[in-house]
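Here is the file coords.txt (compact mmCIF, N, CA and C atoms and all ligand atoms).
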# COMPACT_ATOMS: atom_id res chain seq x y z
N MET Y 1 24.91 -24.77 3.38
CA MET Y 1 24.90 -23.48 4.06
C MET Y 1 23.46 -23.04 4.30
N LYS Y 2 23.17 -22.69 5.53
CA LYS Y 2 21.83 -22.20 5.85
C LYS Y 2 21.75 -20.73 5.45
N ILE Y 3 20.73 -20.41 4.72
CA ILE Y 3 20.54 -19.04 4.24
C ILE Y 3 19.43 -18.38 5.05
N ASP Y 4 19.76 -17.27 5.66
CA ASP Y 4 18.80 -16.50 6.45
C ASP Y 4 18.09 -15.53 5.49
N TRP Y 5 17.06 -16.01 4.82
CA TRP Y 5 16.37 -15.20 3.81
C TRP Y 5 15.76 -13.92 4.39
N PRO Y 6 15.12 -13.97 5.58
CA PRO Y 6 14.59 -12.70 6.13
C PRO Y 6 15.70 -11.66 6.34
N ARG Y 7 16.89 -12.10 6.81
CA ARG Y 7 18.00 -11.16 7.01
C ARG Y 7 18.48 -10.61 5.68
N LEU Y 8 18.55 -11.47 4.66
CA LEU Y 8 19.01 -11.02 3.36
C LEU Y 8 18.01 -10.03 2.74
N ARG Y 9 16.75 -10.36 2.89
CA ARG Y 9 15.71 -9.46 2.36
C ARG Y 9 15.72 -8.14 3.12
N ALA Y 10 15.96 -8.17 4.41
CA ALA Y 10 16.02 -6.94 5.21
C ALA Y 10 17.20 -6.08 4.78
N ALA Y 11 18.33 -6.73 4.48
CA ALA Y 11 19.50 -5.98 4.01
C ALA Y 11 19.20 -5.32 2.66
N ALA Y 12 18.47 -6.03 1.82
CA ALA Y 12 18.09 -5.46 0.51
C ALA Y 12 17.13 -4.29 0.70
N ALA Y 13 16.19 -4.43 1.62
CA ALA Y 13 15.24 -3.35 1.87
C ALA Y 13 15.95 -2.12 2.45
N ASP Y 14 16.95 -2.38 3.30
CA ASP Y 14 17.70 -1.26 3.89
C ASP Y 14 18.44 -0.48 2.82
N VAL Y 15 19.13 -1.17 1.95
CA VAL Y 15 19.91 -0.48 0.92
C VAL Y 15 18.98 0.15 -0.14
N ALA Y 16 17.78 -0.39 -0.31
CA ALA Y 16 16.83 0.23 -1.24
C ALA Y 16 16.52 1.66 -0.81
N GLY Y 17 16.60 1.90 0.48
CA GLY Y 17 16.36 3.24 1.00
C GLY Y 17 17.43 4.25 0.59
N ARG Y 18 18.56 3.75 0.11
CA ARG Y 18 19.63 4.63 -0.34
C ARG Y 18 19.71 4.71 -1.86
N ALA Y 19 18.73 4.15 -2.55
CA ALA Y 19 18.72 4.19 -4.01
C ALA Y 19 18.59 5.63 -4.51
N TYR Y 20 19.14 5.86 -5.69
CA TYR Y 20 18.98 7.16 -6.35
C TYR Y 20 18.05 6.92 -7.54
N ALA Y 21 16.78 7.18 -7.34
CA ALA Y 21 15.78 6.86 -8.36
C ALA Y 21 14.79 8.02 -8.52
N PRO Y 22 15.29 9.21 -8.90
CA PRO Y 22 14.39 10.36 -9.01
C PRO Y 22 13.45 10.29 -10.21
N TYR Y 23 13.74 9.46 -11.18
CA TYR Y 23 12.93 9.41 -12.41
C TYR Y 23 11.82 8.36 -12.31
N SER Y 24 12.18 7.14 -11.96
CA SER Y 24 11.16 6.09 -11.86
C SER Y 24 10.51 6.08 -10.48
N ARG Y 25 11.21 6.60 -9.49
CA ARG Y 25 10.79 6.54 -8.09
C ARG Y 25 10.57 5.09 -7.63
N LEU Y 26 11.21 4.15 -8.31
CA LEU Y 26 11.22 2.75 -7.91
C LEU Y 26 12.56 2.47 -7.25
N HIS Y 27 12.56 2.48 -5.94
CA HIS Y 27 13.79 2.23 -5.19
C HIS Y 27 13.98 0.72 -5.09
N VAL Y 28 15.17 0.27 -5.47
CA VAL Y 28 15.45 -1.17 -5.47
C VAL Y 28 16.74 -1.42 -4.71
N GLY Y 29 16.71 -2.45 -3.90
CA GLY Y 29 17.90 -2.88 -3.19
C GLY Y 29 18.16 -4.34 -3.46
N ALA Y 30 19.43 -4.72 -3.48
CA ALA Y 30 19.81 -6.12 -3.68
C ALA Y 30 20.84 -6.48 -2.63
N ALA Y 31 20.69 -7.66 -2.05
CA ALA Y 31 21.65 -8.15 -1.07
C ALA Y 31 22.03 -9.57 -1.46
N GLY Y 32 23.32 -9.83 -1.47
CA GLY Y 32 23.80 -11.16 -1.83
C GLY Y 32 24.64 -11.74 -0.71
N LEU Y 33 24.50 -13.04 -0.52
CA LEU Y 33 25.29 -13.78 0.46
C LEU Y 33 26.38 -14.53 -0.28
N THR Y 34 27.64 -14.39 0.17
CA THR Y 34 28.74 -15.11 -0.47
C THR Y 34 28.96 -16.45 0.22
N ALA Y 35 29.72 -17.29 -0.44
CA ALA Y 35 30.07 -18.58 0.15
C ALA Y 35 30.87 -18.42 1.42
N ASP Y 36 31.52 -17.26 1.59
CA ASP Y 36 32.28 -16.95 2.81
C ASP Y 36 31.40 -16.44 3.94
N GLY Y 37 30.11 -16.24 3.66
CA GLY Y 37 29.20 -15.74 4.68
C GLY Y 37 29.08 -14.23 4.73
N LEU Y 38 29.70 -13.56 3.76
CA LEU Y 38 29.59 -12.10 3.72
C LEU Y 38 28.30 -11.70 3.03
N VAL Y 39 27.77 -10.55 3.44
CA VAL Y 39 26.60 -9.97 2.77
C VAL Y 39 27.06 -8.72 2.03
N VAL Y 40 26.82 -8.67 0.73
CA VAL Y 40 27.15 -7.49 -0.07
C VAL Y 40 25.84 -6.94 -0.62
N THR Y 41 25.80 -5.62 -0.79
CA THR Y 41 24.54 -4.99 -1.19
C THR Y 41 24.76 -4.00 -2.33
N GLY Y 42 23.68 -3.63 -2.96
CA GLY Y 42 23.69 -2.61 -3.99
C GLY Y 42 22.31 -2.01 -4.13
N CYS Y 43 22.27 -0.79 -4.65
CA CYS Y 43 20.98 -0.15 -4.90
C CYS Y 43 20.99 0.43 -6.31
N ASN Y 44 19.81 0.68 -6.85
CA ASN Y 44 19.76 1.24 -8.20
C ASN Y 44 20.18 2.70 -8.19
N VAL Y 45 20.84 3.09 -9.27
CA VAL Y 45 21.32 4.46 -9.45
C VAL Y 45 20.90 4.90 -10.83
N GLU Y 46 19.90 5.78 -10.89
CA GLU Y 46 19.40 6.24 -12.19
C GLU Y 46 20.21 7.42 -12.69
N ASN Y 47 19.98 7.71 -13.97
CA ASN Y 47 20.69 8.81 -14.62
C ASN Y 47 19.72 9.45 -15.59
N ALA Y 48 19.84 10.75 -15.78
CA ALA Y 48 18.93 11.46 -16.67
C ALA Y 48 18.97 10.90 -18.09
N SER Y 49 20.06 10.27 -18.47
CA SER Y 49 20.15 9.69 -19.81
C SER Y 49 19.48 8.32 -19.88
N PHE Y 50 18.93 7.83 -18.81
CA PHE Y 50 18.26 6.53 -18.68
C PHE Y 50 19.14 5.35 -19.08
N GLY Y 51 19.79 5.41 -20.22
CA GLY Y 51 20.61 4.28 -20.66
C GLY Y 51 21.77 4.01 -19.73
N LEU Y 52 22.15 4.97 -18.95
CA LEU Y 52 23.26 4.79 -18.01
C LEU Y 52 22.81 4.34 -16.64
N THR Y 53 21.52 4.13 -16.47
CA THR Y 53 21.00 3.71 -15.18
C THR Y 53 21.58 2.36 -14.76
N LEU Y 54 21.94 2.27 -13.50
CA LEU Y 54 22.47 1.03 -12.94
C LEU Y 54 21.42 0.39 -12.05
N CYS Y 55 21.17 -0.89 -12.29
CA CYS Y 55 20.26 -1.63 -11.43
C CYS Y 55 20.95 -1.91 -10.09
N ALA Y 56 20.16 -2.24 -9.09
CA ALA Y 56 20.71 -2.56 -7.78
C ALA Y 56 21.68 -3.74 -7.86
N GLU Y 57 21.38 -4.69 -8.72
CA GLU Y 57 22.24 -5.87 -8.84
C GLU Y 57 23.60 -5.49 -9.43
N CYS Y 58 23.63 -4.44 -10.27
CA CYS Y 58 24.92 -3.96 -10.81
C CYS Y 58 25.79 -3.49 -9.65
N GLY Y 59 25.20 -2.71 -8.74
CA GLY Y 59 25.94 -2.23 -7.58
C GLY Y 59 26.39 -3.38 -6.69
N LEU Y 60 25.53 -4.37 -6.56
CA LEU Y 60 25.87 -5.54 -5.74
C LEU Y 60 27.07 -6.27 -6.34
N VAL Y 61 27.05 -6.51 -7.64
CA VAL Y 61 28.15 -7.24 -8.28
C VAL Y 61 29.43 -6.42 -8.22
N SER Y 62 29.33 -5.11 -8.37
CA SER Y 62 30.50 -4.26 -8.22
C SER Y 62 31.06 -4.35 -6.80
N ALA Y 63 30.18 -4.29 -5.81
CA ALA Y 63 30.61 -4.42 -4.41
C ALA Y 63 31.23 -5.79 -4.16
N LEU Y 64 30.69 -6.80 -4.81
CA LEU Y 64 31.23 -8.15 -4.66
C LEU Y 64 32.69 -8.20 -5.12
N HIS Y 65 32.95 -7.62 -6.27
CA HIS Y 65 34.32 -7.62 -6.80
C HIS Y 65 35.24 -6.74 -5.97
N ALA Y 66 34.69 -5.78 -5.29
CA ALA Y 66 35.50 -4.89 -4.46
C ALA Y 66 35.74 -5.45 -3.07
N THR Y 67 35.08 -6.58 -2.76
CA THR Y 67 35.17 -7.18 -1.43
C THR Y 67 36.21 -8.29 -1.41
N PRO Y 68 37.22 -8.20 -0.54
CA PRO Y 68 38.17 -9.31 -0.44
C PRO Y 68 37.48 -10.56 0.07
N SER Y 69 37.84 -11.69 -0.48
CA SER Y 69 37.27 -12.96 -0.06
C SER Y 69 38.03 -13.48 1.16
N ALA Y 70 37.30 -13.99 2.13
CA ALA Y 70 37.92 -14.54 3.33
C ALA Y 70 38.75 -15.77 3.00
N SER Y 71 38.34 -16.50 1.97
CA SER Y 71 39.05 -17.74 1.62
C SER Y 71 40.22 -17.49 0.67
N GLY Y 72 40.40 -16.26 0.26
CA GLY Y 72 41.51 -15.95 -0.64
C GLY Y 72 41.14 -16.00 -2.10
N SER Y 73 40.03 -16.66 -2.43
CA SER Y 73 39.61 -16.66 -3.83
C SER Y 73 38.98 -15.30 -4.11
N ALA Y 74 39.26 -14.79 -5.27
CA ALA Y 74 38.71 -13.47 -5.59
C ALA Y 74 37.96 -13.54 -6.91
N PRO Y 75 36.84 -12.96 -7.03
CA PRO Y 75 36.04 -12.37 -5.96
C PRO Y 75 35.26 -13.46 -5.21
N PRO Y 76 34.63 -13.08 -4.09
CA PRO Y 76 33.77 -14.06 -3.41
C PRO Y 76 32.66 -14.54 -4.35
N VAL Y 77 32.17 -15.73 -4.11
CA VAL Y 77 31.11 -16.31 -4.93
C VAL Y 77 29.77 -16.11 -4.22
N LEU Y 78 28.79 -15.64 -4.97
CA LEU Y 78 27.45 -15.48 -4.40
C LEU Y 78 26.75 -16.84 -4.32
N VAL Y 79 26.01 -17.05 -3.23
CA VAL Y 79 25.21 -18.26 -3.10
C VAL Y 79 23.72 -17.94 -3.01
N ALA Y 80 23.39 -16.71 -2.63
CA ALA Y 80 21.98 -16.32 -2.49
C ALA Y 80 21.84 -14.83 -2.71
N VAL Y 81 20.72 -14.44 -3.32
CA VAL Y 81 20.46 -13.02 -3.59
C VAL Y 81 19.00 -12.71 -3.32
N ALA Y 82 18.78 -11.59 -2.65
CA ALA Y 82 17.41 -11.08 -2.48
C ALA Y 82 17.38 -9.68 -3.10
N VAL Y 83 16.40 -9.43 -3.91
CA VAL Y 83 16.19 -8.12 -4.52
C VAL Y 83 14.78 -7.68 -4.13
N VAL Y 84 14.66 -6.47 -3.62
CA VAL Y 84 13.35 -5.97 -3.21
C VAL Y 84 13.14 -4.56 -3.73
N ALA Y 85 11.88 -4.20 -3.86
CA ALA Y 85 11.52 -2.82 -4.15
C ALA Y 85 11.44 -2.08 -2.82
N GLY Y 86 11.18 -0.81 -2.89
CA GLY Y 86 11.11 0.01 -1.69
C GLY Y 86 10.07 -0.46 -0.69
N ASP Y 87 9.08 -1.21 -1.14
CA ASP Y 87 8.06 -1.72 -0.23
C ASP Y 87 8.52 -2.98 0.51
N GLY Y 88 9.72 -3.46 0.19
CA GLY Y 88 10.27 -4.63 0.88
C GLY Y 88 9.90 -5.96 0.26
N ASP Y 89 9.06 -5.95 -0.76
CA ASP Y 89 8.65 -7.20 -1.39
C ASP Y 89 9.63 -7.58 -2.51
N PRO Y 90 9.80 -8.89 -2.75
CA PRO Y 90 10.75 -9.34 -3.77
C PRO Y 90 10.44 -8.77 -5.15
N LEU Y 91 11.54 -8.54 -5.87
CA LEU Y 91 11.47 -8.03 -7.25
C LEU Y 91 12.45 -8.89 -8.04
N LEU Y 92 12.04 -9.44 -9.15
CA LEU Y 92 12.93 -10.29 -9.93
C LEU Y 92 13.94 -9.44 -10.69
N PRO Y 93 15.19 -9.91 -10.80
CA PRO Y 93 16.20 -9.19 -11.57
C PRO Y 93 15.81 -9.11 -13.05
N CYS Y 94 16.19 -8.01 -13.71
CA CYS Y 94 15.95 -7.88 -15.14
C CYS Y 94 16.88 -8.84 -15.89
N GLY Y 95 16.71 -8.95 -17.19
CA GLY Y 95 17.50 -9.88 -17.99
C GLY Y 95 19.00 -9.60 -17.89
N ARG Y 96 19.37 -8.33 -18.01
CA ARG Y 96 20.79 -7.98 -17.92
C ARG Y 96 21.37 -8.42 -16.59
N CYS Y 97 20.63 -8.19 -15.53
CA CYS Y 97 21.14 -8.53 -14.20
C CYS Y 97 21.18 -10.04 -13.97
N ARG Y 98 20.27 -10.77 -14.58
CA ARG Y 98 20.34 -12.23 -14.47
C ARG Y 98 21.66 -12.71 -15.07
N GLN Y 99 22.06 -12.09 -16.19
CA GLN Y 99 23.33 -12.44 -16.83
C GLN Y 99 24.50 -12.06 -15.93
N LEU Y 100 24.44 -10.87 -15.31
CA LEU Y 100 25.50 -10.45 -14.38
C LEU Y 100 25.60 -11.41 -13.20
N LEU Y 101 24.45 -11.77 -12.65
CA LEU Y 101 24.43 -12.65 -11.48
C LEU Y 101 24.95 -14.04 -11.82
N LEU Y 102 24.74 -14.47 -13.07
CA LEU Y 102 25.22 -15.79 -13.48
C LEU Y 102 26.73 -15.90 -13.30
N GLU Y 103 27.46 -14.85 -13.68
CA GLU Y 103 28.91 -14.90 -13.54
C GLU Y 103 29.36 -14.65 -12.11
N ALA Y 104 28.48 -14.16 -11.27
CA ALA Y 104 28.83 -13.90 -9.88
C ALA Y 104 28.48 -15.08 -8.97
N GLY Y 105 27.58 -15.94 -9.42
CA GLY Y 105 27.17 -17.04 -8.55
C GLY Y 105 26.92 -18.35 -9.25
N GLY Y 106 26.86 -18.33 -10.57
CA GLY Y 106 26.61 -19.57 -11.31
C GLY Y 106 25.15 -19.94 -11.35
N PRO Y 107 24.82 -20.99 -12.09
CA PRO Y 107 23.41 -21.36 -12.29
C PRO Y 107 22.71 -21.84 -11.02
N GLU Y 108 23.50 -22.23 -10.01
CA GLU Y 108 22.89 -22.70 -8.75
C GLU Y 108 22.61 -21.57 -7.77
N LEU Y 109 23.02 -20.35 -8.10
CA LEU Y 109 22.75 -19.20 -7.23
C LEU Y 109 21.25 -19.14 -6.91
N LEU Y 110 20.92 -19.06 -5.65
CA LEU Y 110 19.52 -19.00 -5.25
C LEU Y 110 19.04 -17.56 -5.27
N VAL Y 111 17.89 -17.33 -5.92
CA VAL Y 111 17.32 -16.00 -6.04
C VAL Y 111 15.97 -16.00 -5.31
N ASP Y 112 15.81 -15.06 -4.44
CA ASP Y 112 14.56 -14.92 -3.68
C ASP Y 112 13.44 -14.47 -4.61
N THR Y 113 12.31 -15.14 -4.54
CA THR Y 113 11.12 -14.71 -5.30
C THR Y 113 9.93 -14.71 -4.34
N ALA Y 114 8.81 -14.18 -4.79
CA ALA Y 114 7.62 -14.16 -3.95
C ALA Y 114 7.18 -15.58 -3.59
N GLY Y 115 7.52 -16.54 -4.45
CA GLY Y 115 7.16 -17.94 -4.20
C GLY Y 115 8.25 -18.73 -3.51
N GLY Y 116 9.33 -18.07 -3.10
CA GLY Y 116 10.44 -18.76 -2.45
C GLY Y 116 11.67 -18.75 -3.33
N PRO Y 117 12.81 -19.19 -2.78
CA PRO Y 117 14.05 -19.16 -3.56
C PRO Y 117 14.05 -20.15 -4.72
N VAL Y 118 14.61 -19.71 -5.86
CA VAL Y 118 14.76 -20.59 -7.01
C VAL Y 118 16.18 -20.45 -7.56
N PRO Y 119 16.72 -21.54 -8.15
CA PRO Y 119 18.05 -21.42 -8.76
C PRO Y 119 17.99 -20.47 -9.95
N LEU Y 120 19.07 -19.72 -10.12
CA LEU Y 120 19.14 -18.77 -11.23
C LEU Y 120 18.91 -19.46 -12.58
N ALA Y 121 19.31 -20.72 -12.71
CA ALA Y 121 19.12 -21.45 -13.97
C ALA Y 121 17.65 -21.49 -14.39
N GLU Y 122 16.74 -21.44 -13.42
CA GLU Y 122 15.31 -21.42 -13.77
C GLU Y 122 14.89 -20.06 -14.31
N LEU Y 123 15.59 -19.00 -13.90
CA LEU Y 123 15.24 -17.65 -14.36
C LEU Y 123 16.00 -17.28 -15.63
N LEU Y 124 17.08 -18.01 -15.92
CA LEU Y 124 17.90 -17.73 -17.09
C LEU Y 124 18.29 -19.05 -17.76
N PRO Y 125 17.30 -19.72 -18.35
CA PRO Y 125 17.61 -21.01 -18.98
C PRO Y 125 18.44 -20.81 -20.25
N ALA Y 126 19.23 -21.81 -20.60
CA ALA Y 126 20.06 -21.77 -21.81
C ALA Y 126 20.91 -20.50 -21.85
N ALA Y 127 21.52 -20.18 -20.74
CA ALA Y 127 22.28 -18.93 -20.62
C ALA Y 127 23.53 -18.93 -21.49
N PHE Y 128 23.92 -17.75 -21.90
CA PHE Y 128 25.17 -17.52 -22.60
C PHE Y 128 26.25 -17.30 -21.55
N GLY Y 129 27.39 -17.96 -21.71
CA GLY Y 129 28.44 -17.81 -20.72
C GLY Y 129 29.82 -17.78 -21.33
N GLY Y 130 30.81 -17.72 -20.48
CA GLY Y 130 32.18 -17.66 -20.92
C GLY Y 130 32.59 -18.85 -21.77
N ALA Y 131 32.03 -20.02 -21.50
CA ALA Y 131 32.36 -21.21 -22.30
C ALA Y 131 31.91 -21.03 -23.75
N ASP Y 132 30.82 -20.29 -23.95
CA ASP Y 132 30.37 -20.02 -25.33
C ASP Y 132 31.40 -19.17 -26.06
N LEU Y 133 32.01 -18.24 -25.38
CA LEU Y 133 33.04 -17.40 -26.00
C LEU Y 133 34.23 -18.23 -26.43
N SER Y 134 34.74 -19.05 -25.52
CA SER Y 134 35.94 -19.82 -25.83
C SER Y 134 35.66 -20.87 -26.89
N ALA Y 135 34.43 -21.41 -26.92
CA ALA Y 135 34.10 -22.44 -27.90
C ALA Y 135 33.90 -21.88 -29.30
N ARG Y 136 33.49 -20.62 -29.40
CA ARG Y 136 33.11 -20.07 -30.70
C ARG Y 136 34.04 -18.97 -31.18
N ARG Y 137 35.10 -18.72 -30.44
CA ARG Y 137 36.04 -17.65 -30.79
C ARG Y 137 36.77 -18.01 -32.07
N GLU Y 138 37.02 -17.00 -32.89
CA GLU Y 138 37.79 -17.18 -34.13
C GLU Y 138 39.20 -17.62 -33.77
N PRO Y 139 39.76 -18.58 -34.51
CA PRO Y 139 41.16 -18.96 -34.24
C PRO Y 139 42.08 -17.76 -34.42
N GLY Y 140 43.00 -17.60 -33.51
CA GLY Y 140 43.95 -16.50 -33.59
C GLY Y 140 43.43 -15.20 -33.03
N ALA Y 141 42.17 -15.20 -32.56
CA ALA Y 141 41.63 -13.95 -31.97
C ALA Y 141 42.40 -13.64 -30.70
N ALA Y 142 42.46 -12.36 -30.40
CA ALA Y 142 43.18 -11.93 -29.21
C ALA Y 142 42.57 -12.57 -27.98
N ALA Y 143 43.36 -13.34 -27.26
CA ALA Y 143 42.87 -14.03 -26.06
C ALA Y 143 42.80 -13.10 -24.86
N SER Y 144 43.44 -11.96 -24.97
CA SER Y 144 43.47 -11.08 -23.80
C SER Y 144 42.22 -10.23 -23.68
N LEU Y 145 41.35 -10.29 -24.67
CA LEU Y 145 40.13 -9.48 -24.59
C LEU Y 145 39.05 -10.18 -23.83
ZN ZN Y 201 18.73 -5.09 -13.84

Any chance you could put this one into structure tokens?
Amino acid sequence: MKIDWPRLRAAAADVAGRAYAPYSRLHVGAAGLTADGLVVTGCNVENASFGLTLCAECGLVSALHATPSASGSAPPVLVAVAVVAGDGDPLLPCGRCRQLLLEAGGPELLVDTAGGPVPLAELLPAAFGGADLSARREPGAAASL
């Protein structure tokens, strides 16, 4: 799949303009491309309690799950993500968001950086994932959790 990085970065810059960031004044936008060719976006949403602040990637992943997949698989799978600050330049996802993006696109998800796209596995090596849960779960533990 050919990834139009300038278009993805522009979509991230556009949504960064809608960020709610009165405390840090760091407006962040994230745009992700799905395997279906859809572009989903998110922006950061701060909160006076700070701990409740949502990164732009949180909004993107929420939008991803809210978006019906053209192929019928739900949710759509991310293949590329661009995150930018209000100035339009790339911004790397924080640790929490790298973990969120891992479950949304896997280790091969391409992340835009100032030096070009890199697989998420390079930004989150030795990641913790769902397989770790199933491998280390106590026998008889509730499987529905
Ligand atoms: Zn984050």

### Query
Which of these, Y:Ser62, Y:Thr41, Y:Gln99, Y:Thr34, has the shortest distance to Y:Pro125 once you count only C-alpha atoms?
Y:Gln99

#### Entry: Expected selection as a ChimeraX atom specification for ligand ZN 201 (chain Y) within 8 Å, all atoms listed in the file
/Y:54-58,92-98

Same residues, N, CA and C atoms, output as a PDB file, keeping the file's coordinate frame:
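out.pdb, written as the output of this step:
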ATOM      1  N   LEU Y  54      21.940   2.270 -13.500  1.00  0.00           N
ATOM      2  CA  LEU Y  54      22.470   1.030 -12.940  1.00  0.00           C
ATOM      3  C   LEU Y  54      21.420   0.390 -12.050  1.00  0.00           C
ATOM      4  N   CYS Y  55      21.170  -0.890 -12.290  1.00  0.00           N
ATOM      5  CA  CYS Y  55      20.260  -1.630 -11.430  1.00  0.00           C
ATOM      6  C   CYS Y  55      20.950  -1.910 -10.090  1.00  0.00           C
ATOM      7  N   ALA Y  56      20.160  -2.240  -9.090  1.00  0.00           N
ATOM      8  CA  ALA Y  56      20.710  -2.560  -7.780  1.00  0.00           C
ATOM      9  C   ALA Y  56      21.680  -3.740  -7.860  1.00  0.00           C
ATOM     10  N   GLU Y  57      21.380  -4.690  -8.720  1.00  0.00           N
ATOM     11  CA  GLU Y  57      22.240  -5.870  -8.840  1.00  0.00           C
ATOM     12  C   GLU Y  57      23.600  -5.490  -9.430  1.00  0.00           C
ATOM     13  N   CYS Y  58      23.630  -4.440 -10.270  1.00  0.00           N
ATOM     14  CA  CYS Y  58      24.920  -3.960 -10.810  1.00  0.00           C
ATOM     15  C   CYS Y  58      25.790  -3.490  -9.650  1.00  0.00           C
ATOM     16  N   LEU Y  92      12.040  -9.440  -9.150  1.00  0.00           N
ATOM     17  CA  LEU Y  92      12.930 -10.290  -9.930  1.00  0.00           C
ATOM     18  C   LEU Y  92      13.940  -9.440 -10.690  1.00  0.00           C
ATOM     19  N   PRO Y  93      15.190  -9.910 -10.800  1.00  0.00           N
ATOM     20  CA  PRO Y  93      16.200  -9.190 -11.570  1.00  0.00           C
ATOM     21  C   PRO Y  93      15.810  -9.110 -13.050  1.00  0.00           C
ATOM     22  N   CYS Y  94      16.190  -8.010 -13.710  1.00  0.00           N
ATOM     23  CA  CYS Y  94      15.950  -7.880 -15.140  1.00  0.00           C
ATOM     24  C   CYS Y  94      16.880  -8.840 -15.890  1.00  0.00           C
ATOM     25  N   GLY Y  95      16.710  -8.950 -17.190  1.00  0.00           N
ATOM     26  CA  GLY Y  95      17.500  -9.880 -17.990  1.00  0.00           C
ATOM     27  C   GLY Y  95      19.000  -9.600 -17.890  1.00  0.00           C
ATOM     28  N   ARG Y  96      19.370  -8.330 -18.010  1.00  0.00           N
ATOM     29  CA  ARG Y  96      20.790  -7.980 -17.920  1.00  0.00           C
ATOM     30  C   ARG Y  96      21.370  -8.420 -16.590  1.00  0.00           C
ATOM     31  N   CYS Y  97      20.630  -8.190 -15.530  1.00  0.00           N
ATOM     32  CA  CYS Y  97      21.140  -8.530 -14.200  1.00  0.00           C
ATOM     33  C   CYS Y  97      21.180 -10.040 -13.970  1.00  0.00           C
ATOM     34  N   ARG Y  98      20.270 -10.770 -14.580  1.00  0.00           N
ATOM     35  CA  ARG Y  98      20.340 -12.230 -14.470  1.00  0.00           C
ATOM     36  C   ARG Y  98      21.660 -12.710 -15.070  1.00  0.00           C
TER      37      ARG Y  98
END

### Task
Just list the residues in chain Y DSSP gives strand (DSSP E or B) on the backbone, as a VMD selection string.
chain Y and resid 20 28 to 34 39 to 43 45 54 78 to 85 90 110 to 111 118 to 119

## Note on the structure
Between Y:Gly115, Y:Pro22, Y:Pro76, Y:Pro139, smallest distance to Y:Ala35 by all atoms listed in the file belongs to Y:Pro76

### Query
Mind pulling up the distance from atom C of Y:Leu78 to atom N of Y:Asp132?
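Atom N of Y:Asp132 sits 20.3 Å away from atom C of Y:Leu78.
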
### Query
Which residue out of Y:Glu46, Y:Arg136, Y:Val84, Y:His65 has the minimum interatomic distance to Y:Tyr23 when all atoms listed in the file are used?
Y:Glu46

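The protein and nucleic acid residues lying at most 7 Å from Y:Gly86 are Y:Ala13, Y:Ala16, Y:Gly17, Y:Leu26, Y:His27, Y:Val28, Y:Gly29, Y:Asp89, with only N, CA and C atoms considered and sequence neighbours fewer than 3 positions away removed.
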
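Among the candidate residues Y:Ala19, Y:Val45, Y:Ala30, Y:Ala121, the one lying nearest to Y:Val81 is Y:Ala30, with distances computed using only N, CA and C atoms.
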
### Message
Given the point (23.1, -22.8, 2.5) in the file's coordinates, find the residues that have an atom at most 9 Å from it, counting only C-alpha atoms, and give them as a ChimeraX atom specification.
### Response
/Y:1-4,35,79-80

The selected residues should be written to file as an mmCIF file, keeping the file's coordinate frame (atoms: N, CA and C atoms).
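Once written, out_10.cif looks like this:
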data_model
loop_
_atom_site.group_PDB
_atom_site.id
_atom_site.type_symbol
_atom_site.label_atom_id
_atom_site.label_comp_id
_atom_site.auth_asym_id
_atom_site.auth_seq_id
_atom_site.Cartn_x
_atom_site.Cartn_y
_atom_site.Cartn_z
ATOM 1 N N MET Y 1 24.910 -24.770 3.380
ATOM 2 C CA MET Y 1 24.900 -23.480 4.060
ATOM 3 C C MET Y 1 23.460 -23.040 4.300
ATOM 4 N N LYS Y 2 23.170 -22.690 5.530
ATOM 5 C CA LYS Y 2 21.830 -22.200 5.850
ATOM 6 C C LYS Y 2 21.750 -20.730 5.450
ATOM 7 N N ILE Y 3 20.730 -20.410 4.720
ATOM 8 C CA ILE Y 3 20.540 -19.040 4.240
ATOM 9 C C ILE Y 3 19.430 -18.380 5.050
ATOM 10 N N ASP Y 4 19.760 -17.270 5.660
ATOM 11 C CA ASP Y 4 18.800 -16.500 6.450
ATOM 12 C C ASP Y 4 18.090 -15.530 5.490
ATOM 13 N N ALA Y 35 29.720 -17.290 -0.440
ATOM 14 C CA ALA Y 35 30.070 -18.580 0.150
ATOM 15 C C ALA Y 35 30.870 -18.420 1.420
ATOM 16 N N VAL Y 79 26.010 -17.050 -3.230
ATOM 17 C CA VAL Y 79 25.210 -18.260 -3.100
ATOM 18 C C VAL Y 79 23.720 -17.940 -3.010
ATOM 19 N N ALA Y 80 23.390 -16.710 -2.630
ATOM 20 C CA ALA Y 80 21.980 -16.320 -2.490
ATOM 21 C C ALA Y 80 21.840 -14.830 -2.710
#

### Task
Name the closest residue to Y:Asp112 among the candidates Y:Pro68, Y:Gly59, Y:Trp5, Y:Thr53; distances are taken between atoms, counting all atoms listed in the file.
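Result for the nearest residue to Y:Asp112: Y:Trp5.
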
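Coordinates place atom CA of Y:Gly32 at a distance of 15.0 Å from atom CA of Y:Ala85.
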
### Query
Hey, can you check how far atom N of Y:Ala10 sits from atom C of Y:Val83?
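Computing it gives 8.6 Å between the two atoms.
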
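Here the question is which of Y:Ala74, Y:Ala135, Y:Ala21, Y:Val15 gets nearest to Y:Ala48 using only C-alpha atoms, and that residue is Y:Ala21.
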
### DSSP helix (DSSP H, G or I) selection over stretch 10-87 of chain Y, as a VMD selection string
chain Y and resid 10 to 16 56 to 66

### Task
Would you list the contacts of Y:Gly37 as a PyMOL selection string, taking every protein, DNA or RNA residue within 8 Å and counting only N, CA and C atoms, but skipping same-chain residues closer than 4 positions in sequence?
chain Y and resi 32-33+70+77
